[in-house]
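As provided, entry-v5.pdb (PDB, C-alpha atoms) reads as follows.
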```pdb
ATOM      1  CA  MET M   1     149.033 106.840  71.289
ATOM      2  CA  LEU M   2     147.886 103.601  72.912
ATOM      3  CA  ASP M   3     150.346 100.723  73.032
ATOM      4  CA  ASP M   4     149.429  97.044  72.766
ATOM      5  CA  THR M   5     149.643  96.480  76.521
ATOM      6  CA  THR M   6     147.152  99.265  77.250
ATOM      7  CA  ILE M   7     144.727  97.923  74.625
ATOM      8  CA  ARG M   8     144.959  94.366  75.995
ATOM      9  CA  GLU M   9     144.352  95.589  79.556
ATOM     10  CA  PHE M  10     141.371  97.628  78.355
ATOM     11  CA  LEU M  11     139.838  94.668  76.521
ATOM     12  CA  ARG M  12     140.390  92.381  79.519
ATOM     13  CA  ASP M  13     139.318  94.628  82.383
ATOM     14  CA  ASP M  14     137.359  97.674  81.248
ATOM     15  CA  TYR M  15     135.740  96.787  77.941
ATOM     16  CA  PRO M  16     133.038  94.403  79.328
ATOM     17  CA  ARG M  17     131.890  97.017  81.879
ATOM     18  CA  LEU M  18     131.918  99.762  79.268
ATOM     19  CA  VAL M  19     129.858  97.651  76.853
ATOM     20  CA  ASN M  20     127.298  97.016  79.585
ATOM     21  CA  ALA M  21     127.115 100.739  80.333
ATOM     22  CA  VAL M  22     126.689 101.637  76.663
ATOM     23  CA  ALA M  23     124.036  98.919  76.261
ATOM     24  CA  LEU M  24     122.162 100.263  79.297
ATOM     25  CA  LEU M  25     122.358 103.810  77.917
ATOM     26  CA  THR M  26     121.200 102.922  74.434
ATOM     27  CA  THR M  27     118.398 100.701  75.762
ATOM     28  CA  ALA M  28     117.124 103.150  78.377
ATOM     29  CA  PHE M  29     116.925 106.069  75.954
ATOM     30  CA  ALA M  30     116.248 104.055  72.779
ATOM     31  CA  LEU M  31     119.391 105.481  71.171
ATOM     32  CA  PRO M  32     121.359 103.748  68.426
ATOM     33  CA  PHE M  33     125.047 103.226  69.173
ATOM     34  CA  ALA M  34     125.957 105.524  66.276
ATOM     35  CA  LEU M  35     124.540 108.467  68.268
ATOM     36  CA  VAL M  36     126.290 107.493  71.510
ATOM     37  CA  GLN M  37     129.686 106.779  69.931
ATOM     38  CA  PRO M  38     130.733 110.437  69.263
ATOM     39  CA  VAL M  39     129.959 111.380  72.881
ATOM     40  CA  LEU M  40     132.316 108.697  74.165
ATOM     41  CA  GLY M  41     135.235 110.064  72.149
ATOM     42  CA  PRO M  42     138.261 107.787  71.584
ATOM     43  CA  VAL M  43     136.785 105.144  73.872
ATOM     44  CA  GLY M  44     133.649 105.103  71.729
ATOM     45  CA  ASP M  45     135.804 104.649  68.636
ATOM     46  CA  MET M  46     137.528 101.683  70.254
ATOM     47  CA  VAL M  47     134.198 100.146  71.295
ATOM     48  CA  GLY M  48     132.895 100.649  67.752
ATOM     49  CA  LYS M  49     135.950  98.968  66.220
ATOM     50  CA  VAL M  50     135.672  96.008  68.588
ATOM     51  CA  ARG M  51     131.974  95.672  67.742
ATOM     52  CA  VAL M  52     132.827  95.584  64.033
ATOM     53  CA  MET M  53     135.543  92.987  64.615
ATOM     54  CA  ILE M  54     133.164  90.772  66.594
ATOM     55  CA  ALA M  55     130.479  91.091  63.912
ATOM     56  CA  CYS M  56     132.963  90.198  61.148
ATOM     57  CA  LEU M  57     134.208  87.231  63.151
ATOM     58  CA  ALA M  58     130.640  85.988  63.723
ATOM     59  CA  VAL M  59     129.784  86.285  60.012
ATOM     60  CA  THR M  60     133.009  84.483  59.048
ATOM     61  CA  ILE M  61     132.311  81.605  61.440
ATOM     62  CA  LEU M  62     128.723  81.359  60.155
ATOM     63  CA  ALA M  63     129.921  81.259  56.538
ATOM     64  CA  LEU M  64     132.554  78.593  57.259
ATOM     65  CA  ILE M  65     130.119  76.360  59.146
ATOM     66  CA  THR M  66     127.448  76.721  56.460
ATOM     67  CA  ALA M  67     129.919  76.017  53.654
ATOM     68  CA  GLY M  68     131.309  73.039  55.556
ATOM     69  CA  PHE M  69     127.945  71.368  56.025
ATOM     70  CA  LEU M  70     126.939  72.053  52.417
ATOM     71  CA  PHE M  71     130.204  70.466  51.275
ATOM     72  CA  MET M  72     129.486  67.428  53.437
ATOM     73  CA  MET M  73     126.094  67.148  51.756
ATOM     74  CA  THR M  74     127.059  67.810  48.124
ATOM     75  CA  GLY M  75     130.739  66.870  47.902
ATOM     76  CA  SER M  76     131.290  69.994  45.792
ATOM     77  CA  LEU M  77     133.535  72.947  46.472
ATOM     78  CA  ILE M  78     131.584  75.185  44.079
ATOM     79  CA  LEU M  79     128.022  74.705  45.359
ATOM     80  CA  PRO M  80     128.729  75.976  48.909
ATOM     81  CA  LEU M  81     130.226  79.132  47.398
ATOM     82  CA  VAL M  82     127.178  79.525  45.148
ATOM     83  CA  ALA M  83     124.877  79.012  48.139
ATOM     84  CA  LEU M  84     126.703  81.627  50.238
ATOM     85  CA  ALA M  85     126.611  84.121  47.369
ATOM     86  CA  MET M  86     122.875  83.594  46.860
ATOM     87  CA  ASN M  87     122.199  83.888  50.590
ATOM     88  CA  LEU M  88     124.110  87.155  50.786
ATOM     89  CA  LEU M  89     122.246  88.401  47.728
ATOM     90  CA  THR M  90     118.933  87.670  49.453
ATOM     91  CA  VAL M  91     120.023  89.474  52.628
ATOM     92  CA  ALA M  92     121.349  92.441  50.642
ATOM     93  CA  VAL M  93     118.116  92.809  48.675
ATOM     94  CA  GLY M  94     116.071  92.588  51.871
ATOM     95  CA  ALA M  95     118.208  95.259  53.556
ATOM     96  CA  ALA M  96     117.993  97.483  50.475
ATOM     97  CA  LEU M  97     114.195  97.208  50.488
ATOM     98  CA  LEU M  98     114.151  98.124  54.182
ATOM     99  CA  VAL M  99     116.151 101.265  53.402
ATOM    100  CA  LEU M 100     113.931 102.099  50.440
ATOM    101  CA  ILE M 101     110.684 101.668  52.377
ATOM    102  CA  PHE M 102     111.426 102.713  55.949
ATOM    103  CA  GLN M 103     114.447 105.004  55.723
ATOM    104  CA  ASP M 104     113.514 106.838  52.533
ATOM    105  CA  GLY M 105     109.794 106.711  53.337
ATOM    106  CA  HIS M 106     108.467 105.045  50.185
ATOM    107  CA  ALA M 107     105.126 103.282  50.770
ATOM    108  CA  SER M 108     104.754 105.056  54.119
ATOM    109  CA  GLY M 109     101.170 105.943  53.275
ATOM    110  CA  LEU M 110     100.348 102.379  52.272
ATOM    111  CA  LEU M 111     101.883 100.848  55.389
ATOM    112  CA  GLY M 112     100.753 103.615  57.723
ATOM    113  CA  PHE M 113     103.949 104.912  59.324
ATOM    114  CA  THR M 114     106.024 108.080  59.507
ATOM    115  CA  THR M 115     109.666 107.627  58.607
ATOM    116  CA  ILE M 116     112.337 108.567  61.152
ATOM    117  CA  GLY M 117     115.089 108.708  58.534
ATOM    118  CA  GLY M 118     116.825 105.563  59.732
ATOM    119  CA  LEU M 119     116.509 101.898  60.623
ATOM    120  CA  GLU M 120     116.569  99.951  63.849
ATOM    121  CA  GLU M 121     120.026  98.343  64.033
ATOM    122  CA  SER M 122     118.670  95.188  65.639
ATOM    123  CA  ASN M 123     116.242  94.757  62.745
ATOM    124  CA  LEU M 124     119.127  94.382  60.300
ATOM    125  CA  VAL M 125     120.618  91.683  62.506
ATOM    126  CA  LEU M 126     117.304  89.827  62.724
ATOM    127  CA  LEU M 127     116.806  90.181  58.973
ATOM    128  CA  PHE M 128     120.251  88.728  58.316
ATOM    129  CA  VAL M 129     119.715  85.789  60.682
ATOM    130  CA  VAL M 130     116.219  84.841  59.490
ATOM    131  CA  ALA M 131     116.814  85.402  55.766
ATOM    132  CA  PHE M 132     120.187  83.625  55.797
ATOM    133  CA  ALA M 133     118.788  80.643  57.703
ATOM    134  CA  LEU M 134     115.722  80.223  55.499
ATOM    135  CA  SER M 135     117.769  80.725  52.330
ATOM    136  CA  THR M 136     120.098  77.947  53.435
ATOM    137  CA  ASP M 137     117.121  75.758  54.305
ATOM    138  CA  TYR M 138     115.471  76.209  50.903
ATOM    139  CA  GLY M 139     118.833  75.711  49.222
ATOM    140  CA  VAL M 140     119.347  72.383  50.987
ATOM    141  CA  PHE M 141     115.981  71.167  49.654
ATOM    142  CA  LEU M 142     116.974  72.084  46.114
ATOM    143  CA  TYR M 143     120.596  70.881  46.206
ATOM    144  CA  ALA M 144     119.631  67.541  47.748
ATOM    145  CA  ARG M 145     117.202  66.708  44.945
ATOM    146  CA  ILE M 146     119.597  67.917  42.250
ATOM    147  CA  LYS M 147     122.397  65.823  43.771
ATOM    148  CA  GLU M 148     120.083  62.812  43.876
ATOM    149  CA  ALA M 149     119.279  63.178  40.165
ATOM    150  CA  HIS M 150     122.949  63.776  39.328
ATOM    151  CA  GLU M 151     123.996  60.593  41.119
ATOM    152  CA  GLN M 152     121.345  58.658  39.188
ATOM    153  CA  GLY M 153     123.152  59.563  35.972
ATOM    154  CA  LEU M 154     121.158  62.518  34.642
ATOM    155  CA  ALA M 155     123.025  65.205  32.721
ATOM    156  CA  PRO M 156     123.787  68.368  34.734
ATOM    157  CA  ARG M 157     121.026  70.471  33.149
ATOM    158  CA  ALA M 158     118.517  67.622  33.371
ATOM    159  CA  ALA M 159     119.427  67.088  37.039
ATOM    160  CA  VAL M 160     118.829  70.765  37.771
ATOM    161  CA  ALA M 161     115.457  70.671  36.028
ATOM    162  CA  HIS M 162     114.506  67.497  37.910
ATOM    163  CA  GLY M 163     115.504  68.973  41.276
ATOM    164  CA  LEU M 164     113.611  72.185  40.603
ATOM    165  CA  GLU M 165     110.521  70.221  39.593
ATOM    166  CA  ARG M 166     110.698  68.121  42.763
ATOM    167  CA  THR M 167     111.192  71.023  45.196
ATOM    168  CA  GLY M 168     109.596  74.037  43.486
ATOM    169  CA  ARG M 169     106.112  73.640  44.932
ATOM    170  CA  LEU M 170     107.424  72.652  48.360
ATOM    171  CA  VAL M 171     109.708  75.688  48.677
ATOM    172  CA  THR M 172     107.045  78.039  47.302
ATOM    173  CA  ALA M 173     104.396  76.755  49.716
ATOM    174  CA  ALA M 174     106.744  76.941  52.714
ATOM    175  CA  ALA M 175     107.823  80.484  51.804
ATOM    176  CA  LEU M 176     104.219  81.578  51.243
ATOM    177  CA  LEU M 177     103.129  80.304  54.648
ATOM    178  CA  PHE M 178     106.077  82.005  56.332
ATOM    179  CA  CYS M 179     105.453  85.290  54.501
ATOM    180  CA  VAL M 180     101.785  85.289  55.534
ATOM    181  CA  ALA M 181     102.706  84.628  59.174
ATOM    182  CA  ILE M 182     105.578  87.120  59.488
ATOM    183  CA  GLY M 183     103.935  89.585  57.107
ATOM    184  CA  ALA M 184     101.111  90.035  59.597
ATOM    185  CA  PHE M 185     103.598  92.072  61.642
ATOM    186  CA  ALA M 186     103.263  94.773  58.976
ATOM    187  CA  THR M 187      99.900  95.700  60.514
ATOM    188  CA  SER M 188     101.529  96.502  63.855
ATOM    189  CA  HIS M 189     101.670 100.104  65.044
ATOM    190  CA  ILE M 190     105.084  99.467  66.605
ATOM    191  CA  PHE M 191     107.734 100.675  64.145
ATOM    192  CA  PHE M 192     110.282  97.985  65.061
ATOM    193  CA  ILE M 193     107.819  95.129  64.556
ATOM    194  CA  LYS M 194     106.510  96.628  61.306
ATOM    195  CA  GLN M 195     110.063  96.804  59.917
ATOM    196  CA  LEU M 196     110.744  93.218  60.934
ATOM    197  CA  GLY M 197     107.586  91.882  59.308
ATOM    198  CA  VAL M 198     107.921  93.735  56.018
ATOM    199  CA  GLY M 199     111.670  93.237  55.582
ATOM    200  CA  THR M 200     111.715  89.552  56.428
ATOM    201  CA  ALA M 201     108.647  88.723  54.344
ATOM    202  CA  LEU M 202     110.068  90.515  51.289
ATOM    203  CA  ALA M 203     113.478  88.855  51.666
ATOM    204  CA  VAL M 204     111.981  85.362  51.941
ATOM    205  CA  ALA M 205     109.581  85.967  49.046
ATOM    206  CA  ILE M 206     112.423  87.132  46.795
ATOM    207  CA  ASP M 207     114.598  84.180  47.794
ATOM    208  CA  ALA M 208     111.906  81.588  47.119
ATOM    209  CA  SER M 209     110.851  83.124  43.809
ATOM    210  CA  ALA M 210     113.680  84.914  42.016
ATOM    211  CA  VAL M 211     116.722  83.328  43.677
ATOM    212  CA  ARG M 212     115.760  79.651  44.120
ATOM    213  CA  ALA M 213     113.487  79.390  41.088
ATOM    214  CA  LEU M 214     115.567  81.420  38.609
ATOM    215  CA  LEU M 215     119.094  82.414  39.605
ATOM    216  CA  VAL M 216     120.313  79.199  41.237
ATOM    217  CA  PRO M 217     119.025  76.820  38.506
ATOM    218  CA  ALA M 218     120.302  79.136  35.773
ATOM    219  CA  LEU M 219     123.741  79.389  37.377
ATOM    220  CA  MET M 220     123.996  75.637  37.981
ATOM    221  CA  GLY M 221     122.860  74.928  34.436
ATOM    222  CA  ARG M 222     125.515  77.320  33.165
ATOM    223  CA  LEU M 223     128.227  75.735  35.293
ATOM    224  CA  GLY M 224     127.270  72.226  34.203
ATOM    225  CA  ALA M 225     129.622  69.524  35.487
ATOM    226  CA  LEU M 226     131.853  72.219  37.006
ATOM    227  CA  ALA M 227     129.221  72.752  39.717
ATOM    228  CA  TRP M 228     130.212  69.383  41.204
ATOM    229  CA  TRP M 229     133.971  69.965  41.111
ATOM    230  CA  ALA M 230     136.174  69.454  44.142
ATOM    231  CA  PRO M 231     139.914  68.796  44.407
ATOM    232  CA  ARG M 232     140.967  65.202  44.958
ATOM    233  CA  PRO M 233     141.839  65.588  48.687
ATOM    234  CA  LEU M 234     138.411  67.055  49.379
ATOM    235  CA  ARG M 235     136.735  64.262  47.405
ATOM    236  CA  ARG M 236     138.511  61.734  49.598
ATOM    237  CA  LEU M 237     137.460  63.688  52.693
ATOM    238  CA  HIS M 238     133.851  63.708  51.497
ATOM    239  CA  GLY M 239     134.029  59.954  51.017
ATOM    240  CA  LEU M 240     134.855  59.650  54.719
ATOM    241  CA  VAL M 241     132.622  62.297  56.345
ATOM    242  CA  GLY M 242     130.050  63.070  53.666
ATOM    243  CA  VAL M 243     126.343  63.129  54.495
ATOM    244  CA  ARG M 244     124.258  60.749  52.396
ATOM    245  CA  GLU M 245     120.556  59.998  52.310
ATOM    246  CA  ARG M 246     119.395  56.491  53.067
ATOM    247  CA  GLY M 247     116.749  54.883  50.924
ATOM    248  CA  LEU M 248     113.753  52.978  52.227
ATOM    249  CA  GLY M 249     115.617  49.734  51.887
ATOM    250  CA  GLY M 250     118.459  51.030  54.041
ATOM    251  CA  ALA M 251     116.018  52.383  56.592
ATOM    252  CA  HIS M 252     114.451  48.961  57.134
ATOM    253  CA  ALA M 253     117.718  47.033  57.090
TER     254      ALA M 253
END
```
Structure re-expressed in structure tokens:
Amino acid sequence: MLDDTTIREFLRDDYPRLVNAVALLTTAFALPFALVQPVLGPVGDMVGKVRVMIACLAVTILALITAGFLFMMTGSLILPLVALAMNLLTVAVGAALLVLIFQDGHASGLLGFTTIGGLEESNLVLLFVVAFALSTDYGVFLYARIKEAHEQGLAPRAAVAHGLERTGRLVTAAALLFCVAIGAFATSHIFFIKQLGVGTALAVAIDASAVRALLVPALMGRLGALAWWAPRPLRRLHGLVGVRERGLGGAHA
């Protein structure tokens, strides 16, 4: 049984060297950490747990920063939560499609590959980063125009319709260009690059079509005025640090 002192000494002195050794081993022999972990025994279990803790901490920090900036932009406590939920939905669908296509082998004949019964771990990380970032980007376009219409006095549903009309073609065109560029990786004979191209292109296409064009407007229309709710202390905070667009008149002043 390891006590707290032993664990702290391990994390301070031995863990960095062990991580470097494991990284060298997995890189040199192209092995996923899941295959190396059982060989390392209890030490491998500890390294695995620390890796999970670091990943959870990174995701938590990313979610808090994203929600904070979206709150500064919208002044709402609900919309950042909606945005995070939609982003995670996009990433989850993209990961599920990767499993369906590359792990289970569906469409292997169409895409010209032989399944290995698994996925590259780094591809899931890249998929999460790219899909989450672009989902947030497209969401900012949409929320900014909806907020603009809402502040001009339009009813909640009318503001959502106005924002979708203003940004729909822009988001669709941007997503289409990105999907064409990254989707070209699907023609690669390198399995890692093929996974990256197909998974990312599908995730972005689903986000720009089903999520931004259907789910987000429908959910905001259903929420109505509640979508812009925030407690009074946060409203005062937004009045001090909120991000606001400047009109042409303000730009030339």
* Find the residues around range 192-196 of chain M up to 8 Å (all atoms listed in the file counted), leave out those fewer than 6 positions away in its own chain, and share them as a PyMOL selection string. => chain M and resi 98+102+120+123+126-127+185-186
Using the chain letters and numbering of this document, enumerate as a PDB file with C-alpha atoms, keeping the file's coordinate frame the residues selected by the PyMOL selection byres ((chain M and resi 155-167) around 12).
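Result went into out_15.pdb, see below:
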```pdb
ATOM      1  CA  ASP M 137     117.121  75.758  54.305  1.00  0.00           C
ATOM      2  CA  TYR M 138     115.471  76.209  50.903  1.00  0.00           C
ATOM      3  CA  GLY M 139     118.833  75.711  49.222  1.00  0.00           C
ATOM      4  CA  VAL M 140     119.347  72.383  50.987  1.00  0.00           C
ATOM      5  CA  PHE M 141     115.981  71.167  49.654  1.00  0.00           C
ATOM      6  CA  LEU M 142     116.974  72.084  46.114  1.00  0.00           C
ATOM      7  CA  TYR M 143     120.596  70.881  46.206  1.00  0.00           C
ATOM      8  CA  ALA M 144     119.631  67.541  47.748  1.00  0.00           C
ATOM      9  CA  ARG M 145     117.202  66.708  44.945  1.00  0.00           C
ATOM     10  CA  ILE M 146     119.597  67.917  42.250  1.00  0.00           C
ATOM     11  CA  LYS M 147     122.397  65.823  43.771  1.00  0.00           C
ATOM     12  CA  GLU M 148     120.083  62.812  43.876  1.00  0.00           C
ATOM     13  CA  ALA M 149     119.279  63.178  40.165  1.00  0.00           C
ATOM     14  CA  HIS M 150     122.949  63.776  39.328  1.00  0.00           C
ATOM     15  CA  GLU M 151     123.996  60.593  41.119  1.00  0.00           C
ATOM     16  CA  GLN M 152     121.345  58.658  39.188  1.00  0.00           C
ATOM     17  CA  GLY M 153     123.152  59.563  35.972  1.00  0.00           C
ATOM     18  CA  LEU M 154     121.158  62.518  34.642  1.00  0.00           C
ATOM     19  CA  GLY M 168     109.596  74.037  43.486  1.00  0.00           C
ATOM     20  CA  ARG M 169     106.112  73.640  44.932  1.00  0.00           C
ATOM     21  CA  LEU M 170     107.424  72.652  48.360  1.00  0.00           C
ATOM     22  CA  VAL M 171     109.708  75.688  48.677  1.00  0.00           C
ATOM     23  CA  THR M 172     107.045  78.039  47.302  1.00  0.00           C
ATOM     24  CA  ALA M 173     104.396  76.755  49.716  1.00  0.00           C
ATOM     25  CA  ALA M 174     106.744  76.941  52.714  1.00  0.00           C
ATOM     26  CA  ALA M 208     111.906  81.588  47.119  1.00  0.00           C
ATOM     27  CA  SER M 209     110.851  83.124  43.809  1.00  0.00           C
ATOM     28  CA  VAL M 211     116.722  83.328  43.677  1.00  0.00           C
ATOM     29  CA  ARG M 212     115.760  79.651  44.120  1.00  0.00           C
ATOM     30  CA  ALA M 213     113.487  79.390  41.088  1.00  0.00           C
ATOM     31  CA  LEU M 214     115.567  81.420  38.609  1.00  0.00           C
ATOM     32  CA  LEU M 215     119.094  82.414  39.605  1.00  0.00           C
ATOM     33  CA  VAL M 216     120.313  79.199  41.237  1.00  0.00           C
ATOM     34  CA  PRO M 217     119.025  76.820  38.506  1.00  0.00           C
ATOM     35  CA  ALA M 218     120.302  79.136  35.773  1.00  0.00           C
ATOM     36  CA  LEU M 219     123.741  79.389  37.377  1.00  0.00           C
ATOM     37  CA  MET M 220     123.996  75.637  37.981  1.00  0.00           C
ATOM     38  CA  GLY M 221     122.860  74.928  34.436  1.00  0.00           C
ATOM     39  CA  ARG M 222     125.515  77.320  33.165  1.00  0.00           C
ATOM     40  CA  LEU M 223     128.227  75.735  35.293  1.00  0.00           C
ATOM     41  CA  GLY M 224     127.270  72.226  34.203  1.00  0.00           C
ATOM     42  CA  ALA M 225     129.622  69.524  35.487  1.00  0.00           C
ATOM     43  CA  LEU M 226     131.853  72.219  37.006  1.00  0.00           C
ATOM     44  CA  ALA M 227     129.221  72.752  39.717  1.00  0.00           C
ATOM     45  CA  TRP M 228     130.212  69.383  41.204  1.00  0.00           C
TER      46      TRP M 228
END
```
* Asked: For this file, the PyMOL selection byres ((chain M and resi 233-236) around 12) selects which residues, as a ChimeraX atom specification?
  -> /M:68,71-78,228-232,237-242
* Do you know which residues the PyMOL selection byres ((chain M and resi 90) around 8) returns on this file, as a list in words? ->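 So the PyMOL selection byres ((chain M and resi 90) around 8) ends up selecting Met86, Asn87, Leu88, Leu89, Val91, Ala92, Val93, Gly94, Ala131, Phe132, Ser135, Ala203, Val204, Ile206, Asp207 and Val211 of chain M.
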* Structure fact -> The residue from M:Leu97, M:Val129, M:Ala201, M:Ala184 with the smallest atom-to-atom distance to Leu62 in chain M, counting only C-alpha atoms, is M:Val129
* To do: Using CA of Thr200 in chain M and CA of Cys179 in chain M as the two end points, give the distance in Å to one decimal.
  => 7.8 Å
* Shell around Ala67 in chain M at 9 Å using only C-alpha atoms, local window under 2 positions removed, as a PyMOL selection string -> chain M and resi 62-65+69-72+77+79-81+83-84
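CA of Gly199 in chain M to CA of Ala95 in chain M spans 7.1 Å [interatomic distance, one decimal].
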* To do: Calculate how many Å separate CA of Glu121 in chain M from CA of Gly197 in chain M, rounding to one decimal.
  =>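 If I compute the distance from CA of Glu121 in chain M to CA of Gly197 in chain M, I get 14.8 Å.
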* Using only C-alpha atoms: which of M:Val99, M:Val125, M:Met53, M:Thr136 has the shortest distance to Thr66 in chain M ->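 The answer is M:Thr136, which sits nearest to Thr66 in chain M.
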Draw an axis-aligned box tight on the listed atoms of range 103-106 of chain M, then pad every side by 5 Å and write out centre and edge lengths in Å to one decimal as lines of an AutoDock Vina configuration file.
```
center_x = 111.5
center_y = 105.9
center_z = 53.0
size_x = 16.0
size_y = 11.8
size_z = 15.5
```
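Using all atoms listed in the file, the contacts of Asp104 in chain M at a cut-off of 12 Å, with sequence neighbours closer than 6 positions omitted, comprise Ala96, Leu97, Leu98, Phe113, Thr114, Thr115, Ile116, Gly117, Gly118 and Leu119 of chain M.
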* **Counting all atoms listed in the file, the residue of M:Ala58, M:Leu111, M:Ala85, M:Ile101 that sits nearest Ile190 in chain M** =>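 Of M:Ala58, M:Leu111, M:Ala85, M:Ile101, the one nearest Ile190 in chain M, counting all atoms listed in the file, is M:Leu111.
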* Structure fact -> For Val130 in chain M, the closest of M:Ile61, M:Leu202, M:Ala107, M:Ile54 counting only C-alpha atoms is M:Leu202
